[in-house]
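What follows is one structure encoded as structure tokens, with my remarks underneath.
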Amino acid sequence: MEQELAQRIVSGLHDAGIDVITYLPETRLSQMLPLLRDDGSFKLIAVSSEAEAVTIGAGAALGGKQVAVYMECTGLYVSCYSILSIAKRFGVPLLLLIAHLGSFADQRNNSVYAVSGAYVTPILDALEIQYRLVESGQNLETCIKDAGRHTQALKLPVALLFSGDFTR
Amino acid sequence: MIRYNCLELLAPLVTDQIVVTSLSGQKIEWAHLSKHEGNLLVGTMGTALGVGIGLAVALPHRKVIVLESDGSVLLSLFNLPTLANLNPDNLIVFVFDNASYSGTRISEPTATAGRTDLATMARGAGIEKAVTVRDLESFQKEMTAALSENGLRFVVCKIEESKDHRNILRTDMDPLENKYLFVRYLEKSEGKPIIRSRG
């Protein structure tokens with residue numbers, strides 16, 4: 001991902017009012033992590049499993065924070081139980097920032113990722129989590145802000161799936 | 001030591017603390033003993049500690065108490081290094097360890113019935129104040145210190161398996177109902193909005 005896109009994601013998260021980000025780093029969007037750290041206005045919580053990225057994020061949201069959860073798409077599989085048993089069951093807003101490895105538009109797609117990527121949107125559909133595909137920087141900040149507003153209004157997780165230009 | 005007796009000691013001491021419970025017997029017993037508005041009855045396995053960590057991070061000036069079980073912590077062991085590194089000094093974790101999956105009703109043993117020691121694992125993860133208590137007097141001592149002092153505490157309470165909670169009428173509170181009561185209590189006591197009608 002170009003540095004400019006990484007910086008614009010950070011700006012978008014600012015505009016969306018996000019103040020806590022739980023994360024397990026991955027390969028496609030990781031350039032944003034040093035920027036988020038340098039920014040100083042986000043509480044970053046590094047986790048050991050995406051399952052706890054969701055539970056810790058949910059706890060922070062119930063404590064009054066606006067939370068984003070950043071993960072690779074394989075982390076969605078790991079966190080399904082937490083999403084269902086906490087975020088959906090209690091109705092907790094969480095902005096899921098998902099690097100959609102293995103998708104059609106993944107510019108580094110290969111046999112390692114393709115199978116994992118194929119089931120991401122069917123799983124989000126099954127979980128009834130609304131999502132948007134984000135493949136270029138067009139309207140990026142607006143897209144993040146919209147998703148942040150939507151998760152708060154819905155009081156449920158909402159996902160942005162990053163691929164295309166974000167995977168170069 | 002019986003879990004209910006521990007919870008009986010804890011319940012009257014809870015004032016403005018937040019209490020997060022995991023599942024099964026301890027959720028039933030805590031809901032029976034405490035009508036505190038700051039109770040969040042999570043009620044699923046492997047999730048309460050994570051939620052409690054998030055609350056402790058979000059509200060660093062509030063004491064957060066997590067009531068966990070051995071089976072539930074074993075399902076979410078990844079919480080231990082995360083908790084150690086965050087090291088929130090407002091979080092108390094009580095793990096009621098009866099060395100069995102009581103909820104199965106056939107008392108299948110957990111790993112702590114064998115060679116596994118949760119307090120040792122917590123210390124290995126980096127949680128300095130991780131101890132095991134085996135009697136009510138030791139529990140009371142640890143609980144009193146944890147409530148009155150700052151610092152992350154992880155207290156493994158070795159208990160006998162008790163089935164008494166099966167005679168307690170279970171709470172009918174729905175998770176959404178619990179969330180709203182809990183959050184409105186936090187809003188009132190913190191003086192800030194948490195759930196808004198607008199996004």
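We name chains A, B, ... following the order of the structure tokens; residues begin at 1 in each chain, and ligands are numbered from 1 as shown.
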Within 9 Å of Leu95 of chain A using only C-alpha atoms, minus same-chain residues under 6 positions, as JSON, numbers by chain
{"A": [18, 66, 67, 68, 69, 70, 144, 147, 148, 150, 151, 152, 156, 157, 158, 159, 160]}
Write out as a list in words each polymer residue whose atoms come within 12 Å of Cys80 of chain A, counting only C-alpha atoms; drop sequence neighbours fewer than 6 positions from it.
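Once the nearby chain positions are removed, what remains is Ser49, Glu50, Ala51, Glu52, Ala53, Val54, Thr55, Cys73, Thr74, Ile86, Ala87, Lys88, Val120, Ile123, Leu124, Ala126, Leu127, Glu128, Ile129 and Pro157 of chain A.
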Those selected residues, please, written with N, CA and C atoms and delivered as a short mmCIF file (atom, residue, chain, number, x, y, z; two decimals), in the first residue's frame.
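Dumped everything to part-v4.cif:
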```cif
data_model
loop_
_atom_site.label_atom_id
_atom_site.label_comp_id
_atom_site.auth_asym_id
_atom_site.auth_seq_id
_atom_site.Cartn_x
_atom_site.Cartn_y
_atom_site.Cartn_z
N SER A 49 -4.64 -12.71 19.23
CA SER A 49 -5.63 -13.44 18.45
C SER A 49 -6.74 -12.47 18.06
N GLU A 50 -7.25 -12.62 16.86
CA GLU A 50 -8.36 -11.75 16.45
C GLU A 50 -9.60 -11.99 17.31
N ALA A 51 -9.68 -13.19 17.91
CA ALA A 51 -10.81 -13.47 18.80
C ALA A 51 -10.86 -12.47 19.94
N GLU A 52 -9.69 -12.13 20.49
CA GLU A 52 -9.68 -11.15 21.58
C GLU A 52 -9.65 -9.72 21.05
N ALA A 53 -9.25 -9.54 19.80
CA ALA A 53 -9.37 -8.18 19.22
C ALA A 53 -10.83 -7.75 19.31
N VAL A 54 -11.73 -8.70 19.08
CA VAL A 54 -13.17 -8.39 19.12
C VAL A 54 -13.67 -8.25 20.56
N THR A 55 -13.30 -9.17 21.44
CA THR A 55 -13.83 -9.06 22.81
C THR A 55 -13.28 -7.83 23.53
N CYS A 73 -8.07 -11.03 6.67
CA CYS A 73 -9.36 -11.70 6.51
C CYS A 73 -9.41 -13.06 7.19
N THR A 74 -8.27 -13.74 7.30
CA THR A 74 -8.28 -15.02 8.01
C THR A 74 -8.67 -14.82 9.47
N ILE A 86 -20.47 -11.99 21.48
CA ILE A 86 -20.38 -10.68 22.16
C ILE A 86 -20.94 -9.56 21.29
N ALA A 87 -20.30 -9.30 20.15
CA ALA A 87 -20.67 -8.11 19.38
C ALA A 87 -22.10 -8.17 18.87
N LYS A 88 -22.51 -9.34 18.36
CA LYS A 88 -23.88 -9.44 17.84
C LYS A 88 -24.88 -9.64 18.98
N VAL A 120 -14.70 -15.05 2.60
CA VAL A 120 -14.86 -13.89 3.48
C VAL A 120 -16.25 -13.27 3.35
N ILE A 123 -19.08 -15.46 4.59
CA ILE A 123 -19.16 -15.50 6.07
C ILE A 123 -19.78 -14.21 6.60
N LEU A 124 -19.38 -13.07 6.04
CA LEU A 124 -19.99 -11.82 6.49
C LEU A 124 -21.49 -11.83 6.21
N ALA A 126 -23.37 -14.50 6.08
CA ALA A 126 -23.98 -15.44 7.03
C ALA A 126 -24.13 -14.81 8.41
N LEU A 127 -23.15 -13.99 8.78
CA LEU A 127 -23.21 -13.31 10.09
C LEU A 127 -24.09 -12.07 10.04
N GLU A 128 -24.60 -11.76 8.86
CA GLU A 128 -25.42 -10.55 8.65
C GLU A 128 -24.66 -9.30 9.08
N ILE A 129 -23.39 -9.27 8.70
CA ILE A 129 -22.57 -8.07 8.93
C ILE A 129 -22.51 -7.29 7.62
N PRO A 157 -21.43 -4.66 14.48
CA PRO A 157 -20.21 -4.53 13.66
C PRO A 157 -20.54 -4.24 12.20
#
```
Find the nearest atom pair between each residue of chain B and chain A for residues within 7 Å, count only C-alpha atoms, give distances in Å to one decimal, sort rows by chain and ascending number, and present the table as JSON lines.
```
{"residue": "B:Thr44", "atom": "CA", "partner": "A:Ser85", "partner_atom": "CA", "distance": 6.7}
{"residue": "B:Thr47", "atom": "CA", "partner": "A:Thr55", "partner_atom": "CA", "distance": 6.2}
{"residue": "B:Gly50", "atom": "CA", "partner": "A:Ile56", "partner_atom": "CA", "distance": 4.6}
{"residue": "B:Val51", "atom": "CA", "partner": "A:Gly59", "partner_atom": "CA", "distance": 4.1}
{"residue": "B:Gly52", "atom": "CA", "partner": "A:Gly59", "partner_atom": "CA", "distance": 6.1}
{"residue": "B:Ile53", "atom": "CA", "partner": "A:Ile56", "partner_atom": "CA", "distance": 5.9}
{"residue": "B:Gly54", "atom": "CA", "partner": "A:Gly59", "partner_atom": "CA", "distance": 4.0}
{"residue": "B:Leu55", "atom": "CA", "partner": "A:Gly59", "partner_atom": "CA", "distance": 4.6}
{"residue": "B:Val57", "atom": "CA", "partner": "A:Ala60", "partner_atom": "CA", "distance": 6.6}
{"residue": "B:Ala58", "atom": "CA", "partner": "A:Ala60", "partner_atom": "CA", "distance": 5.0}
{"residue": "B:Leu59", "atom": "CA", "partner": "A:Gly63", "partner_atom": "CA", "distance": 6.3}
{"residue": "B:Phe78", "atom": "CA", "partner": "A:Ser48", "partner_atom": "CA", "distance": 5.7}
{"residue": "B:Asn79", "atom": "CA", "partner": "A:Glu52", "partner_atom": "CA", "distance": 6.8}
{"residue": "B:Thr82", "atom": "CA", "partner": "A:Val47", "partner_atom": "CA", "distance": 5.7}
{"residue": "B:Pro175", "atom": "CA", "partner": "A:Phe90", "partner_atom": "CA", "distance": 5.3}
{"residue": "B:Leu176", "atom": "CA", "partner": "A:Phe90", "partner_atom": "CA", "distance": 5.1}
{"residue": "B:Lys179", "atom": "CA", "partner": "A:Phe90", "partner_atom": "CA", "distance": 6.3}
{"residue": "B:Val183", "atom": "CA", "partner": "A:Leu62", "partner_atom": "CA", "distance": 6.6}
{"residue": "B:Ile194", "atom": "CA", "partner": "A:Gly64", "partner_atom": "CA", "distance": 4.6}
{"residue": "B:Ser197", "atom": "CA", "partner": "A:Ala153", "partner_atom": "CA", "distance": 6.7}
{"residue": "B:Arg198", "atom": "CA", "partner": "A:Ala153", "partner_atom": "CA", "distance": 5.5}
{"residue": "B:Gly199", "atom": "CA", "partner": "A:Ala153", "partner_atom": "CA", "distance": 4.1}
```
Go ahead and dump the residues you just picked, N, CA, C and O atoms, as a CSV table (one decimal), in the first residue's frame.
```
chain,number,residue,atom,x,y,z
B,44,THR,N,-20.8,-16.2,28.1
B,44,THR,CA,-20.2,-17.1,27.1
B,44,THR,C,-18.8,-17.5,27.4
B,44,THR,O,-18.1,-16.7,28.0
B,47,THR,N,-14.8,-15.4,26.8
B,47,THR,CA,-15.0,-14.0,26.3
B,47,THR,C,-15.0,-12.9,27.4
B,47,THR,O,-14.7,-11.8,27.1
B,50,GLY,N,-11.7,-10.9,28.0
B,50,GLY,CA,-11.4,-9.9,27.0
B,50,GLY,C,-12.3,-8.7,27.1
B,50,GLY,O,-11.8,-7.6,27.0
B,51,VAL,N,-13.6,-8.9,27.4
B,51,VAL,CA,-14.5,-7.8,27.6
B,51,VAL,C,-14.0,-6.9,28.8
B,51,VAL,O,-14.0,-5.7,28.7
B,52,GLY,N,-13.6,-7.6,29.8
B,52,GLY,CA,-13.2,-6.9,31.0
B,52,GLY,C,-11.9,-6.1,30.8
B,52,GLY,O,-11.7,-5.0,31.3
B,53,ILE,N,-11.0,-6.7,30.0
B,53,ILE,CA,-9.8,-5.9,29.6
B,53,ILE,C,-10.2,-4.6,28.9
B,53,ILE,O,-9.6,-3.6,29.1
B,54,GLY,N,-11.1,-4.8,27.9
B,54,GLY,CA,-11.5,-3.6,27.1
B,54,GLY,C,-12.1,-2.5,28.0
B,54,GLY,O,-11.8,-1.3,27.8
B,55,LEU,N,-12.9,-3.0,28.9
B,55,LEU,CA,-13.5,-2.0,29.9
B,55,LEU,C,-12.5,-1.3,30.7
B,55,LEU,O,-12.5,-0.1,31.0
B,57,VAL,N,-9.4,-0.8,30.0
B,57,VAL,CA,-8.6,0.2,29.2
B,57,VAL,C,-9.5,1.4,28.9
B,57,VAL,O,-9.0,2.6,29.0
B,58,ALA,N,-10.8,1.2,28.7
B,58,ALA,CA,-11.6,2.4,28.4
B,58,ALA,C,-11.9,3.3,29.6
B,58,ALA,O,-12.1,4.5,29.4
B,59,LEU,N,-11.9,2.7,30.8
B,59,LEU,CA,-12.2,3.4,32.0
B,59,LEU,C,-11.1,3.2,33.0
B,59,LEU,O,-11.3,2.5,34.0
B,78,PHE,N,-4.9,-16.8,25.0
B,78,PHE,CA,-4.2,-15.6,24.3
B,78,PHE,C,-4.5,-14.3,25.1
B,78,PHE,O,-3.7,-13.4,24.9
B,79,ASN,N,-5.5,-14.3,26.0
B,79,ASN,CA,-5.7,-13.1,26.8
B,79,ASN,C,-4.6,-12.8,27.7
B,79,ASN,O,-4.3,-11.7,28.1
B,82,THR,N,-1.6,-10.7,26.4
B,82,THR,CA,-2.2,-9.3,26.1
B,82,THR,C,-2.4,-8.6,27.4
B,82,THR,O,-2.1,-7.4,27.5
B,175,PRO,N,-29.3,-10.4,27.0
B,175,PRO,CA,-28.1,-9.6,26.8
B,175,PRO,C,-28.2,-8.2,26.4
B,175,PRO,O,-27.5,-7.3,26.9
B,176,LEU,N,-29.2,-7.9,25.6
B,176,LEU,CA,-29.4,-6.5,25.1
B,176,LEU,C,-30.0,-5.7,26.3
B,176,LEU,O,-29.6,-4.5,26.5
B,179,LYS,N,-27.1,-5.0,28.5
B,179,LYS,CA,-26.2,-4.0,27.9
B,179,LYS,C,-26.7,-2.6,28.2
B,179,LYS,O,-26.0,-1.7,28.7
B,183,VAL,N,-24.8,0.1,30.4
B,183,VAL,CA,-24.3,1.3,29.7
B,183,VAL,C,-25.0,2.6,30.3
B,183,VAL,O,-24.3,3.6,30.5
B,194,ILE,N,-22.6,7.1,26.0
B,194,ILE,CA,-22.0,6.0,25.4
B,194,ILE,C,-22.8,5.5,24.2
B,194,ILE,O,-22.3,5.4,23.1
B,197,SER,N,-28.3,7.8,20.0
B,197,SER,CA,-29.3,7.4,19.0
B,197,SER,C,-28.9,7.7,17.6
B,197,SER,O,-29.4,7.2,16.6
B,198,ARG,N,-27.9,8.6,17.5
B,198,ARG,CA,-27.4,9.0,16.1
B,198,ARG,C,-26.0,8.4,16.0
B,198,ARG,O,-25.3,8.2,17.0
B,199,GLY,N,-25.6,8.1,14.7
B,199,GLY,CA,-24.3,7.5,14.5
B,199,GLY,C,-23.3,8.6,14.5
B,199,GLY,O,-23.6,9.8,14.6
```
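What separates atom CA of Val42 of chain B from atom CA of Asn178 of chain B is a distance of 9.0 Å.
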Near Arg166 of chain B, within 10 Å and counting only C-alpha atoms, which residues show up once chain neighbours fewer than 6 positions away are dropped, as a PyMOL selection string?
chain B and resi 24-25+28-29
Restricting the output to all heavy atoms, write the selected residues as an mmCIF file, in the first residue's frame.
```
data_model
loop_
_atom_site.group_PDB
_atom_site.id
_atom_site.type_symbol
_atom_site.label_atom_id
_atom_site.label_comp_id
_atom_site.auth_asym_id
_atom_site.auth_seq_id
_atom_site.Cartn_x
_atom_site.Cartn_y
_atom_site.Cartn_z
ATOM 1 N N SER B 24 -22.261 -19.905 33.157
ATOM 2 C CA SER B 24 -22.681 -21.049 33.959
ATOM 3 C C SER B 24 -22.863 -20.686 35.428
ATOM 4 O O SER B 24 -23.428 -19.646 35.733
ATOM 5 C CB SER B 24 -21.657 -22.188 33.764
ATOM 6 O OG SER B 24 -22.180 -23.388 34.221
ATOM 7 N N GLY B 25 -22.354 -21.535 36.328
ATOM 8 C CA GLY B 25 -22.649 -21.410 37.750
ATOM 9 C C GLY B 25 -22.327 -20.058 38.336
ATOM 10 O O GLY B 25 -23.114 -19.501 39.104
ATOM 11 N N ILE B 28 -24.847 -17.442 37.307
ATOM 12 C CA ILE B 28 -26.115 -17.659 38.019
ATOM 13 C C ILE B 28 -25.992 -17.182 39.468
ATOM 14 O O ILE B 28 -26.856 -16.462 39.985
ATOM 15 C CB ILE B 28 -26.496 -19.157 37.964
ATOM 16 C CG1 ILE B 28 -26.769 -19.587 36.515
ATOM 17 C CG2 ILE B 28 -27.709 -19.443 38.854
ATOM 18 C CD1 ILE B 28 -26.815 -21.089 36.311
ATOM 19 N N GLU B 29 -24.901 -17.573 40.111
ATOM 20 C CA GLU B 29 -24.718 -17.206 41.527
ATOM 21 C C GLU B 29 -24.527 -15.697 41.692
ATOM 22 O O GLU B 29 -25.095 -15.090 42.603
ATOM 23 C CB GLU B 29 -23.517 -17.970 42.101
ATOM 24 C CG GLU B 29 -23.795 -19.452 42.253
ATOM 25 C CD GLU B 29 -22.576 -20.257 42.681
ATOM 26 O OE1 GLU B 29 -21.473 -19.679 42.821
ATOM 27 O OE2 GLU B 29 -22.735 -21.473 42.864
#
```
Could you pull out the helix (DSSP H, G or I) residues of segment 6-85 of chain A from DSSP and send them as a PyMOL selection string?
chain A and resi 6-15+32-39+50-62+73-85
Shell of 8 Å around Gly38 of chain B, only C-alpha atoms, local chain residues under 5 positions omitted, as a list in words:
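Contacts, with the query itself left out: Asp16, Gln17, Ile18, Val19, Phe182, Tyr185 and Leu186 of chain B.
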Find the residues around segment 120-133 of chain B up to 8 Å (only C-alpha atoms counted), leave out those fewer than 5 positions away in its own chain, and share them as a list in words.
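These residues fall inside the cut-off: Leu80, Pro81, Leu83, Ala84, Asn85, Asn87, Ser138, Phe139, Leu152, Arg153, Phe154, Val155, Val156, Cys157 and Lys158 of chain B.
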